[in-house]
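Student: My structure is stored as run-v9.cif, with mmCIF, C-alpha atoms.
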data_run
#
loop_
_atom_site.label_atom_id
_atom_site.label_comp_id
_atom_site.auth_asym_id
_atom_site.auth_seq_id
_atom_site.Cartn_x
_atom_site.Cartn_y
_atom_site.Cartn_z
CA MET A 1 -49.39 -33.92 -4.55
CA ASP A 2 -46.87 -36.71 -5.05
CA LEU A 3 -45.11 -34.60 -7.66
CA ILE A 4 -44.79 -31.70 -5.23
CA LYS A 5 -43.40 -34.00 -2.55
CA ARG A 6 -40.96 -35.52 -5.02
CA TYR A 7 -39.47 -32.16 -6.07
CA LYS A 8 -39.85 -30.35 -2.74
CA TRP A 9 -36.22 -30.61 -1.67
CA PRO A 10 -34.67 -29.83 -5.09
CA ILE A 11 -36.88 -26.75 -5.36
CA MET A 12 -35.91 -25.64 -1.85
CA GLY A 13 -32.26 -26.20 -2.73
CA LEU A 14 -32.53 -24.08 -5.86
CA GLY A 15 -34.29 -21.37 -3.88
CA ALA A 16 -31.55 -21.33 -1.25
CA ALA A 17 -28.87 -21.16 -3.95
CA ALA A 18 -30.69 -18.25 -5.61
CA LEU A 19 -30.81 -16.39 -2.29
CA ILE A 20 -27.08 -16.89 -1.77
CA VAL A 21 -26.27 -15.66 -5.27
CA ALA A 22 -28.51 -12.61 -4.77
CA PHE A 23 -26.84 -11.85 -1.44
CA LEU A 24 -23.34 -12.07 -2.91
CA LEU A 25 -24.38 -9.89 -5.83
CA PHE A 26 -26.16 -7.14 -3.95
CA ARG A 27 -24.25 -7.36 -0.63
CA PRO A 28 -26.85 -5.39 1.36
CA ASP A 29 -24.73 -5.92 4.47
CA LYS A 30 -22.08 -3.57 3.01
CA LEU A 31 -24.47 -0.66 3.53
CA PHE A 32 -24.25 -1.13 7.30
CA ILE A 33 -20.68 -2.38 7.87
CA ASP A 34 -17.76 0.08 7.84
CA ASP A 35 -14.35 -0.74 6.33
CA VAL A 36 -11.95 1.47 8.29
CA VAL A 37 -8.57 2.56 6.85
CA ASP A 38 -5.83 4.38 8.76
CA GLU A 39 -3.15 5.56 6.32
CA SER A 40 -1.19 8.73 7.06
CA LEU A 41 0.02 11.39 4.64
CA ALA A 42 3.57 10.23 5.34
CA ASP A 43 2.62 6.87 3.80
CA ALA A 44 1.65 8.56 0.54
CA PHE A 45 5.11 9.39 -0.78
CA PRO A 46 8.28 7.28 -0.95
CA VAL A 47 11.27 8.48 1.02
CA ALA A 48 13.03 11.04 -1.18
CA THR A 49 16.82 11.36 -1.13
CA GLU A 50 18.43 14.70 -1.81
CA ALA A 51 21.98 15.41 -2.95
CA THR A 52 24.40 15.62 -0.03
CA GLU A 53 27.09 18.20 0.52
CA THR A 54 30.39 16.74 1.74
CA THR A 55 33.20 18.78 3.27
CA THR A 56 36.63 17.23 3.83
CA THR A 57 39.26 18.85 6.05
CA THR A 58 42.85 17.55 6.19
CA THR A 59 45.21 18.53 9.00
CA THR A 60 48.95 17.77 8.76
CA THR A 61 51.19 17.85 11.83
CA THR A 62 54.99 17.64 11.58
CA SER A 63 57.04 16.65 14.61
CA PRO A 64 60.87 16.92 14.93
CA PRO A 65 62.81 13.66 15.13
CA PRO A 66 63.55 12.33 18.61
CA THR A 67 66.92 13.17 20.14
CA THR A 68 69.31 10.21 20.11
CA ALA A 69 72.62 9.60 21.79
CA ALA A 70 74.32 9.03 18.48
CA GLN A 71 75.42 12.20 16.75
CA GLY A 72 75.36 12.74 13.06
CA ASP A 73 72.24 10.70 12.44
CA ASP A 74 69.92 12.48 10.00
CA GLU A 75 66.43 11.21 10.83
CA PRO A 76 63.46 12.61 8.87
CA PRO A 77 60.75 14.46 10.76
CA THR A 78 57.54 12.58 11.69
CA THR A 79 54.39 13.65 9.76
CA THR A 80 50.82 12.83 10.92
CA SER A 81 47.75 13.51 8.77
CA THR A 82 44.16 13.65 10.10
CA THR A 83 41.19 13.78 7.72
CA THR A 84 37.71 14.86 8.92
CA THR A 85 34.68 14.43 6.64
CA THR A 86 31.40 16.24 7.31
CA THR A 87 28.26 15.27 5.35
CA THR A 88 25.20 17.51 5.22
CA THR A 89 21.86 16.14 3.96
CA THR A 90 19.16 18.52 2.78
CA ALA A 91 15.64 17.41 3.71
CA PRO A 92 13.26 17.11 0.73
CA PRO A 93 10.36 19.57 0.52
CA GLY A 94 7.16 18.33 2.10
CA PRO A 95 3.97 17.57 0.14
CA VAL A 96 1.89 20.57 -0.91
CA ALA A 97 -1.90 20.58 -1.31
CA ARG A 98 -2.84 21.39 -4.92
CA GLY A 99 -6.60 20.95 -4.64
CA THR A 100 -9.14 20.05 -1.99
CA GLY A 101 -12.88 19.61 -1.61
CA ALA A 102 -15.63 18.23 0.62
CA PHE A 103 -17.37 14.94 -0.12
CA TYR A 104 -21.12 14.93 -0.59
CA GLY A 105 -23.41 11.95 -1.09
CA ILE A 106 -25.36 11.14 -4.25
CA ASP A 107 -28.42 9.25 -2.98
CA HIS A 108 -26.12 7.95 -0.25
CA ARG A 109 -24.52 9.37 2.90
CA ALA A 110 -21.05 10.95 2.58
CA SER A 111 -18.84 13.47 4.36
CA GLY A 112 -15.14 14.22 4.68
CA THR A 113 -12.38 15.77 2.61
CA ALA A 114 -10.49 14.81 -0.54
CA THR A 115 -7.12 16.47 -1.22
CA VAL A 116 -4.56 16.22 -4.03
CA TYR A 117 -0.98 16.51 -2.75
CA GLU A 118 2.15 17.05 -4.83
CA GLN A 119 5.77 16.39 -3.90
CA THR A 120 8.67 16.72 -6.34
CA GLY A 121 6.37 16.13 -9.31
CA ASP A 122 4.46 13.14 -7.88
CA TYR A 123 0.73 13.47 -7.15
CA VAL A 124 -1.40 11.59 -4.63
CA LEU A 125 -5.13 11.75 -3.98
CA ARG A 126 -5.79 11.51 -0.27
CA PHE A 127 -9.05 10.94 1.55
CA GLU A 128 -8.44 12.73 4.83
CA ASP A 129 -9.01 11.19 8.26
CA ASP A 130 -12.52 12.70 8.45
CA THR A 131 -13.74 10.62 5.48
CA ASP A 132 -17.02 8.81 6.15
CA ILE A 133 -18.83 7.49 3.06
CA GLN A 134 -21.73 5.06 3.12
CA ASN A 135 -20.36 1.66 2.23
CA GLY A 136 -21.56 -0.40 -0.69
CA PRO A 137 -20.61 -3.20 -3.09
CA ASP A 138 -17.96 -2.81 -5.76
CA LEU A 139 -17.05 0.85 -5.10
CA TRP A 140 -14.29 2.41 -7.22
CA VAL A 141 -12.38 5.70 -7.07
CA TRP A 142 -12.36 7.86 -10.19
CA VAL A 143 -11.04 11.35 -10.96
CA LEU A 144 -13.00 13.03 -13.74
CA GLU A 145 -11.86 15.30 -16.54
CA SER A 146 -14.24 17.92 -15.26
CA ASP A 147 -14.78 20.40 -12.44
CA ASN A 148 -18.40 19.35 -11.86
CA TYR A 149 -20.71 16.36 -12.10
CA ASP A 150 -24.48 16.30 -12.61
CA GLY A 151 -25.10 12.68 -11.63
CA GLY A 152 -25.30 11.26 -15.15
CA ASP A 153 -22.58 9.97 -17.45
CA PRO A 154 -19.24 10.77 -15.76
CA GLY A 155 -17.45 11.15 -19.09
CA ALA A 156 -13.67 10.72 -19.28
CA PHE A 157 -11.95 9.67 -16.07
CA ILE A 158 -8.87 8.08 -14.51
CA GLU A 159 -9.54 4.95 -12.46
CA LEU A 160 -7.50 4.65 -9.27
CA GLY A 161 -8.76 1.24 -8.14
CA LYS A 162 -11.29 -0.07 -5.67
CA ILE A 163 -11.92 2.09 -2.63
CA LYS A 164 -9.71 0.90 0.24
CA GLY A 165 -12.37 1.61 2.85
CA ASN A 166 -15.33 3.87 3.42
CA VAL A 167 -14.03 5.40 6.66
CA GLY A 168 -10.68 6.98 7.51
CA GLY A 169 -7.53 8.33 5.84
CA GLN A 170 -6.31 6.65 2.66
CA ASN A 171 -3.99 7.45 -0.24
CA TYR A 172 -4.22 6.80 -3.99
CA ALA A 173 -1.21 7.36 -6.25
CA LEU A 174 -2.09 9.42 -9.31
CA PRO A 175 -0.60 8.34 -12.65
CA THR A 176 1.53 10.49 -14.94
CA GLU A 177 -1.48 11.41 -17.09
CA PHE A 178 -3.08 13.18 -14.13
CA ASP A 179 -3.32 16.94 -14.72
CA PRO A 180 -4.50 19.07 -11.78
CA ALA A 181 -5.80 21.68 -14.22
CA VAL A 182 -7.99 19.07 -15.96
CA HIS A 183 -8.89 16.41 -13.40
CA GLN A 184 -10.77 18.40 -10.80
CA PHE A 185 -13.47 16.06 -9.56
CA VAL A 186 -13.42 12.88 -7.44
CA LEU A 187 -16.21 10.35 -7.89
CA ILE A 188 -16.98 7.19 -5.91
CA TRP A 189 -18.71 4.90 -8.40
CA CYS A 190 -20.52 1.58 -7.87
CA LYS A 191 -19.58 -0.53 -10.89
CA ARG A 192 -21.96 -3.35 -10.06
CA PHE A 193 -25.04 -1.16 -10.48
CA SER A 194 -23.52 1.73 -12.49
CA VAL A 195 -24.53 4.38 -9.97
CA PRO A 196 -22.58 7.15 -8.18
CA PHE A 197 -22.21 7.02 -4.39
CA ALA A 198 -20.27 10.18 -3.51
CA ALA A 199 -18.30 13.01 -5.08
CA ALA A 200 -15.93 15.86 -4.21
CA PRO A 201 -14.96 18.86 -6.36
CA LEU A 202 -11.27 19.82 -6.14
CA THR A 203 -10.46 23.51 -5.92
CA GLY A 204 -7.04 25.06 -5.50
#
Can you give me the file's structure in the form of structure tokens?
Tutor:
Amino acid sequence: MDLIKRYKWPIMGLGAAALIVAFLLFRPDKLFIDDVVDESLADAFPVATEATETTTTTTTTTSPPPTTAAQGDDEPPTTTSTTTTTTTTTAPPGPVARGTGAFYGIDHRASGTATVYEQTGDYVLRFEDDTDIQNGPDLWVWVLESDNYDGGDPGAFIELGKIKGNVGGQNYALPTEFDPAVHQFVLIWCKRFSVPFAAAPLTG
């Protein structure tokens, strides 16, 4: 009994520390708390500058010399030049959807739309404003070298970083190795437990 009393508080302290570590590892609260993102499609692409067309018009006006009282004076005529420059800027083409698909959950709740947009050779994966995926710990965004996924080994993929939020519109820049003909599947993957959360096939 004395031994139990002696080590009571250290044991309780170790138990509390273990509970804290378990909480930080599993983060069960993430399943019930939404991380909302509100990025627009306009935020996805940098401002593009197009070549400008410049037109310059020069007008020359010649006036006779003023009349003077003195005769025989040869004064040159007065010449005035006016230059007008007009600049026309061509707006860049807007982003075009190259593939889109609906999210579905894999043992978790998910809905919404994933879309790949392209503008002047740059690609962006966008989760549209209707995105609503069950939250969880350590979720990452992957695009797979496949057009389907059976829930097992995802195979080759491109990692786009941690998910910005589980609700709302958000954009992920796609690297140069992205190929819309090859990477046709979006997967939300929990790295901490090596399990899928949600997926979306991309069709043109």
Student: Do you know which residues are at most 7 Å from stretch 135-139 of chain A counting all atoms listed in the file, after dropping those on the same chain fewer than 5 positions away, and could you put them as a list in words?
Tutor: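 Listing them by chain and then by number gives Phe26, Arg27, Lys30, Leu31, Phe32, Ile33, Asp34, Lys162, Ile163, Asn166, Ile188, Trp189, Cys190, Lys191 and Arg192 of chain A.
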Student: Kindly assemble as a Markdown table a list of the stretch 148-186 of chain A residues that lie within 10 Å of stretch 198-203 of chain A, each paired with its nearest atom pair and their distance in Å to one decimal, using all atoms listed in the file, sorted first by chain and then by ascending residue number.
Tutor:
| residue | atom | partner | partner_atom | distance |
| --- | --- | --- | --- | --- |
| A:Asn148 | CA | A:Pro201 | CA | 6.5 |
| A:Tyr149 | CA | A:Ala199 | CA | 8.1 |
| A:Gly151 | CA | A:Ala199 | CA | 9.4 |
| A:Pro180 | CA | A:Leu202 | CA | 8.8 |
| A:Ala181 | CA | A:Thr203 | CA | 9.7 |
| A:His183 | CA | A:Leu202 | CA | 8.4 |
| A:Gln184 | CA | A:Leu202 | CA | 4.9 |
| A:Phe185 | CA | A:Pro201 | CA | 4.5 |
| A:Val186 | CA | A:Ala200 | CA | 5.1 |
Student: Report, in Å with one decimal, the straight-line distance from atom CA of A:Ile106 to atom CA of A:Leu125.
Tutor: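 Going from atom CA of A:Ile106 over to atom CA of A:Leu125 covers 20.2 Å.
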Student: So, counting all atoms listed in the file, which residue among A:Gly204, A:Glu145, A:Ser40, A:Arg109 is closest to A:Ala97?
Tutor: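 Looking at the shortest contact to A:Ala97, the residue is A:Gly204.
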Student: Go through A:Ile133, A:Gly168, A:Gly121, A:Leu187 and flag the residue nearest A:Asp150, using all atoms listed in the file for the distances.
Tutor: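 The closest residue to A:Asp150 is A:Leu187.
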Student: Name all residues at most 10 Å from A:Asp153 (count all atoms listed in the file; drop same-chain ones fewer than 6 positions away) and give them as a list in words.
Tutor: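 The residues that qualify are Ser194, Val195 and Pro196 of chain A.
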Student: May I ask for the distance between atom CA of A:Tyr123 and atom CA of A:Glu39, given in Å to one decimal place?
Tutor: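 Rounded to one decimal, the two atoms are 16.1 Å apart.
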Student: When you draw a straight line from atom CA of A:Asp147 to atom CA of A:Gly99, how long is it in Å?
Tutor: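 Between these atoms lies a distance of 11.3 Å.
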Student: Name all residues at most 6 Å from A:Gly169 (count all atoms listed in the file; drop same-chain ones fewer than 5 positions away) and give them as a ChimeraX atom specification.
Tutor: /A:37-39,127-129
Student: With distances taken over all atoms listed in the file, which of A:Tyr172, A:Trp140, A:Val182, A:Tyr117 is nearest to A:Ala156?
Tutor: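 Of all the options, A:Val182 lies closest to A:Ala156.
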Student: Show which residues sit within 9 Å of A:Glu159, as a list of chain:residue names. Count only C-alpha atoms, and ignore same-chain residues fewer than 2 positions away.
Tutor: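 Surrounding residues, per the criterion: A:Trp140, A:Val141, A:Trp142, A:Val143, A:Leu144, A:Phe157, A:Gly161, A:Lys162.
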Student: Please determine the residues with any atom at most 9 Å from (2.2, 11.8, -13.6) (coordinates as given in the file, with all atoms listed in the file counting) and report them as JSON, numbers by chain.
Tutor: {"A": [121, 122, 123, 174, 175, 176, 177, 178, 179]}
Student: Create the file for the chosen residues now, containing C-alpha atoms and written as a PDB file, keeping the file's coordinate frame.
Tutor:
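Output contents, as saved in result06.pdb:
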ATOM      1  CA  GLY A 121       6.370  16.130  -9.310  1.00  0.00           C
ATOM      2  CA  ASP A 122       4.460  13.140  -7.880  1.00  0.00           C
ATOM      3  CA  TYR A 123       0.730  13.470  -7.150  1.00  0.00           C
ATOM      4  CA  LEU A 174      -2.090   9.420  -9.310  1.00  0.00           C
ATOM      5  CA  PRO A 175      -0.600   8.340 -12.650  1.00  0.00           C
ATOM      6  CA  THR A 176       1.530  10.490 -14.940  1.00  0.00           C
ATOM      7  CA  GLU A 177      -1.480  11.410 -17.090  1.00  0.00           C
ATOM      8  CA  PHE A 178      -3.080  13.180 -14.130  1.00  0.00           C
ATOM      9  CA  ASP A 179      -3.320  16.940 -14.720  1.00  0.00           C
TER      10      ASP A 179
END
Student: Using all atoms listed in the file for the distances, tell me which of A:Pro154, A:Gly105, A:Asp43, A:Gln119 is nearest to A:Asn171.
Tutor: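 So, comparing all the options, the nearest one is A:Asp43.
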Student: For A:Ala44, which residue among A:Thr131, A:Ser146, A:Thr100, A:Thr115 is the nearest when counting only C-alpha atoms?
Tutor: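 Counting only C-alpha atoms, the residue closest to A:Ala44 is A:Thr115.
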